[in-house]
Every structure is written in C-alpha cells, then in structure tokens.
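Contents: one structure, followed by commentary.
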Amino acid sequence: MRFTKDHEWIKIEGDVATIGITEYAAEALGELVYVELPKVGNKYNKHDAFAVVESSKSASDVYIPVAGEVVAANDSLTSQPELVNNSSYENGWIAKVKISNSADLDDTMDEASYKDFLKNQ
Amino acid sequence: MKTTALNQTHRNQGAKMVEFAGYDMPVQYSDGMLKEHEWTRSGNVGIFDVSHMGQFFIEGDEVVKFLSHITPTDFSLSTPNLAKYTVLTNPEGGIIDDLIITKLTDTKFFIVLNAGCKEKDSAWIRKNLPSEISFNELSDRSLIAVQGGKAEEILNKFLSSGNLSELPYMNIGFYKLKSGEEVFISRTGYTGEDGFEVSIPNSAAAKFWLDLSTQTEVKPIGLGARDSLRLEMGYPLYGHDLDDTTSPIEAALGWVVSKSNTSFIGSERVLKEKAEGAKRKRIGVKLLDRGIAREGTEIRKNGIKIGTLSSGGFSPNLKVSIGQGYFDTALAKVGDEVTAVVRDREIPAVLTSPVFVEAKTKSVKK
C-alpha cells in the first residue's frame with residue numbers, strides 16, 4: 001500500500017489502483033455522514049478533487065493521487081458512509097481507478113514513510 | 001483566547017477544542033458529534049458548558065419599562081420567575097441579538113445572551129440605559145445546561161432541598177446544592193429536550209460538572225452536537241440565522257412581539273411587517289435525496305433562485321440533510337418542491353416548517 005501527503009491510500013493490482021482515505025484522515029474528519037462518489041467512466045488528472053467526504057461539521061475534497069479513469073466506485077458508502085471510519089483500508093475504499101501513468105506513483109510514500117510523515121503533523 | 005472555568009476539565013475529558021465566539025470551547029468529546037447527539041435525544045442526559053454566554057442582572061424601578069423598550073416583549077405581563085425568549089431590536093427593526101430575560105422581581109431581571117454578542121449587546125444596553133437602572137455582568141458565574149429525558153431525576157439528586165418536578169418550563173428557581181453552593185436553575189435549553197440551565201459560581205463549576213459526569217446516564221456534549229440538536233428544532237442561531245438586518249417577523253419570531261407593546265425600538269418596521277407580512281421569511285428545508293446542504297446553499301424553484309440556507313447540515317434523527325433559510329415570500333411557501341444546489345448538483349428538497357423534531361420540553365401551560 002502507498003500513501004500521499006493528502007492522506008489518501010492506494011493499493012495497486014496490475015494497472016488498477018484502489019483508493020481510499022487513511023485512518024488518520026478519517027479520525028480527523030469525525031464520523032462521516034455522506035460520501036460523494038465519482039462516476040464510473042470519469043477521467044481525472046492527478047490531484048483533481050474526485051470525491052467528497054462529509055462529516056457533521058465539514059465537507060472535504062478527496063484528491064486523486066494518480067491520473068486515470070474510474071472503473072468502480074464503492075456504492076456501499078452511499079448507505080454506510082461510516083465504513084470509511086470503521087474500515088478505512090478495507091470496506092471503506094472509495095474508488096478503483098485505471099492508472100494512465102504509473103510514474104504518478106513516484107511521489108507516494110510507503111507505510112513507514114507515511115508514519116514518519118504523520119509524526120510531524 | 002478566552003476560556004471558561006471548565007476549560008481544563010474539558011481537556012481532561014478528551015474534548016477536541018475549537019475557537020467559538022472568542023472562547024476556547026469543546027466541539028466534541030471522544031464519542032463524536034453523532035453519538036453525543038443521539039445520547040442527548042435517547043432519554044439520557046447531556047451536559048453542555050455554555051458559560052461563554054453572558055449572564056447579567058438588570059435592576060431598577062423602571063426596569064420593566066426599559067426592557068419593554070429595547071425588546072418587542074411587554075414585560076409588564078411577566079410573572080415572577082418566568083423566563084422569556086425575545087430579541088433586542090435596533091432602530092431599523094433588525095435583531096441585535098436573541099436572548100432570555102427572566103423576571104425575578106418587579107425591579108430585577110436575569111438576562112442570558114449570546115457569547116459572540118456580549119460586547120455589542122452591553123454597549124447597546126448601556127447606551128440606552130436610564131441612569132437609575134444598573135446592568136451588571138455575573139462574570140463570576142458559569143452556566144451548565146443539563147438536557148435530556150432524565151435531566152430532572154439526575155439534577156434532583158444534587159439538590160439539598162426542593163424538587164425540580166415543581167419547576168415549570170421556562171421558569172427559574174433558586175436552590176442550594178448538597179455541596180452548599182447557591183445556584184439558580186432555569187427549565188430552559190436549546191436542544192428541544194426537557195432540561196435545565198444551571199448558573200453556578202465559577203469556583204464550584206468544575207466539581208459540579210465532574211460529579212454530574214460520574215452518573216451513568218450523563219455524558220458531556222460538545223458544541224457540534226449542540227448545533228445539530230438546535231437545528232432539528234428549528235431554533236435560530238445568531239450570526240447565521242439572525243443578524244442586524246433580519247427583523248423578528250422575517251425570522252418567524254413574531255410571537256415575541258407582544259400585542260400590548262407598540263413603542264419599542266424598531267417598532268415601526270416590525271409592526272408594519274407584522275400587519276402586512278415581510279418580503280422574506282425564515283423557512284425550513286429538508287433534502288429528499290442524499291447529500292449535505294450547508295449554510296450558503298442556494299435553493300431553487302423551477303430553476304430560479306428563491307433563497308439561501310442560513311444554516312444546514314445532517315440531521316442525526318432524520319438521517320437526511322435539513323436546514324433553514326430566508327425565502328422570498330412572493331415566490332416560496334411551505335410545501336414547495338425545490339432543489340438545493342450543492343457543488344453544481346441540484347438535490348431535490350422540500351420547504352417545511354423549520355421544526356423537524358417534536359420538542360419534548362414541558363408545556364408552558366401547567
């Protein structure tokens with residue numbers, strides 16, 4: 001799993017990246033009450049806002065860490081947005097994206113580096 | 001930043017602190033806003049630190065006349081110990097603040113007003129104050145709201161004498177705690193639940209709060225849940241749903257205007273609007289589909305903008321987004337099908353009464 005400074009996580013299988021937000025981000029947001037998912041087929045540039053996560057107090061953009069086309073969105077978040085809090089790295093995934101440029105992954109971090117990064121937050 | 005006497009206590013209890021109206025206040029504790037909201041609604045008790053609000057005594061022979069001049073309420077009709085919700089109006093009929101004014105005697109009243117308006121209100125009141133009337137802040141007192149189905153039962157345990165079952169809604173009583181402290185307790189609050197607001201000396205506030213917290217039915221609740229609780233009840237929040245330009249009639253607070261009071265500050269506009277109707281009115285909005293519509297959201301009818309949300313957010317009870325806003329009365333009425341524009345998406349919604357959840361407060365007529 002790879003991580004970004006914006007607190008997204010990425011799991012790579014072949015040329016498809018599964019993307020979510022980290023436990024740290026979910027904890028900071030508080031319990032989610034709504035997730036706006038990207039539509040399958042939408043294409044994004046790296047760092048575009050492609051989803052929105054909303055808690056009682058605020059709405060936050062989720063930035064796509066790699067350019068690509070959405071091939072799946074986690075529809076279960078529509079009725080259970082709290083999965084992002086309770087299962088950030090499994091059932092709380094947001095979308096799967098077909099990566100158009102694997103070099104986009106170069107500036108992501110491994111888990112150890114992300115943990116170090118959090119220490120300085 | 002200013003702090004209340006409970007600041008360190010909140011931190012010890014795991015609160016997340018934020019700035020609110022110049023005060024360092026708990027927005028939530030470790031359970032989070034949703035669970036805190038549900039706790040308060042579910043027949044338990046939530047305790048809220050509202051000590052940032054201003055508490056004042058106003059005293060003098062002409063005080064009834066003065067209060068009936070700076071608000072649209074006729075205080076000559078008030079009986080002793082009756083708390084009245086009303087507004088301070090400016091000469092243009094706009095709302096300077098909304099507040100609670102409680103009659104203690106014919107010459108002495110207790111006032112509780114918003115933290116964010118404390119300086120503004122004090123300056124306005126002092127500017128208009130006849131010299132024989134005194135107006136003094138009780139800065140040595142904290143204010144703790146005890147709200148929820150078991151509030152009476154829990155608070156009774158702390159009284160050395162008396163029984164809160166005998167205190168009617170919107171009334172104040174003076175009690176002594178078992179710890180010896182003199183407190184004044186009002187059967188008031190801003191959650192829609194039965195409950196009380198306890199004015200207690202700062203020196204005794206932390207112990208009282210912690211003693212309450214040890215009861216299994218009691219949890220401390222932050223400002224986040226306080227906001228969602230009041231939003232479900234349609235209660236306005238000053239600075240969002242009310243400001244210096246909104247009149248009490250526009251704000252759907254016409255009931256604070258006493259028929260017998262016709263010469264208060266700003267009465268010209270207020271009475272005209274009361275008779276003829278206002279051009280805009282505060283109305284509730286309920287979303288019919290998923291999505292969250294917050295303050296500032298544009299509301300459209302048949303594609304045309306008819307109003308804007310002054311407050312909005314997720315209702316933990318209804319599990320949908322609710323809000324309130326101001327609408328052009330020529331174009332909008334309760335029952336209208338509308339849309340809320342959220343990030344370029346038009347979410348179906350309906351205009352409703354701003355009261356989304358039935359109040360469990362005790363009836364005032366008993």
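Going through the structure tokens in order, the chains are called A, B, and so on, while each chain numbers its residues from 1 and the ligands are numbered from 1 in the order shown.
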*May I have the residues of chain B within 8 Å of chain A, counting only C-alpha atoms, written as a ChimeraX atom specification?*
/B:32-34,224,290-292,313-314
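Residues in contact with A:Ile99 at up to 8 Å, not including ones fewer than 6 positions away on its chain and judged by only C-alpha atoms, are Asp15, Val16, Ala17, Val66, Ala67, Gly68 and Glu69 of chain A.
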*asked:* I'd like the interatomic distance between atom CA of A:Ala49 and atom CA of B:Ser311, to a tenth of an Å.
replied: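 For atom CA of A:Ala49 relative to atom CA of B:Ser311, the distance reads 25.0 Å.
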*Please provide the set of residues having any atom within 8 Å of B:Val350, restricted to only C-alpha atoms, with same-chain residues fewer than 5 positions apart removed, written as a ChimeraX atom specification.*
/B:285-288,334-339
Same residues, N, CA and C atoms, saved as a tab-separated table (two decimals), in the first residue's frame:
chain	number	residue	atom	x	y	z
B	285	VAL	N	-35.91	23.68	5.29
B	285	VAL	CA	-35.67	22.94	4.05
B	285	VAL	C	-35.22	21.53	4.41
B	286	LYS	N	-35.87	20.55	3.79
B	286	LYS	CA	-35.49	19.15	4.03
B	286	LYS	C	-35.11	18.54	2.69
B	287	LEU	N	-33.92	17.97	2.62
B	287	LEU	CA	-33.50	17.31	1.39
B	287	LEU	C	-34.20	15.96	1.25
B	288	LEU	N	-34.54	15.62	0.02
B	288	LEU	CA	-35.27	14.37	-0.24
B	288	LEU	C	-34.34	13.31	-0.81
B	334	VAL	N	-44.28	27.05	2.32
B	334	VAL	CA	-44.09	25.71	2.88
B	334	VAL	C	-44.83	24.70	1.99
B	335	GLY	N	-44.18	23.60	1.68
B	335	GLY	CA	-44.75	22.57	0.82
B	335	GLY	C	-44.19	22.59	-0.59
B	336	ASP	N	-43.54	23.71	-0.96
B	336	ASP	CA	-42.97	23.81	-2.31
B	336	ASP	C	-41.87	22.78	-2.53
B	337	GLU	N	-41.88	22.20	-3.73
B	337	GLU	CA	-40.78	21.32	-4.12
B	337	GLU	C	-39.68	22.18	-4.73
B	338	VAL	N	-38.48	22.01	-4.22
B	338	VAL	CA	-37.37	22.87	-4.61
B	338	VAL	C	-36.13	22.00	-4.82
B	339	THR	N	-35.01	22.65	-5.14
B	339	THR	CA	-33.74	21.93	-5.19
B	339	THR	C	-32.69	22.71	-4.41
*When you draw a straight line from atom CA of B:Lys362 to atom CA of B:Tyr169, how long is it in Å?*
5.4 Å
*Please indicate the distance in Å from atom CA of B:Thr352 to atom CA of B:Glu250, rounded to one decimal place.*
15.5 Å
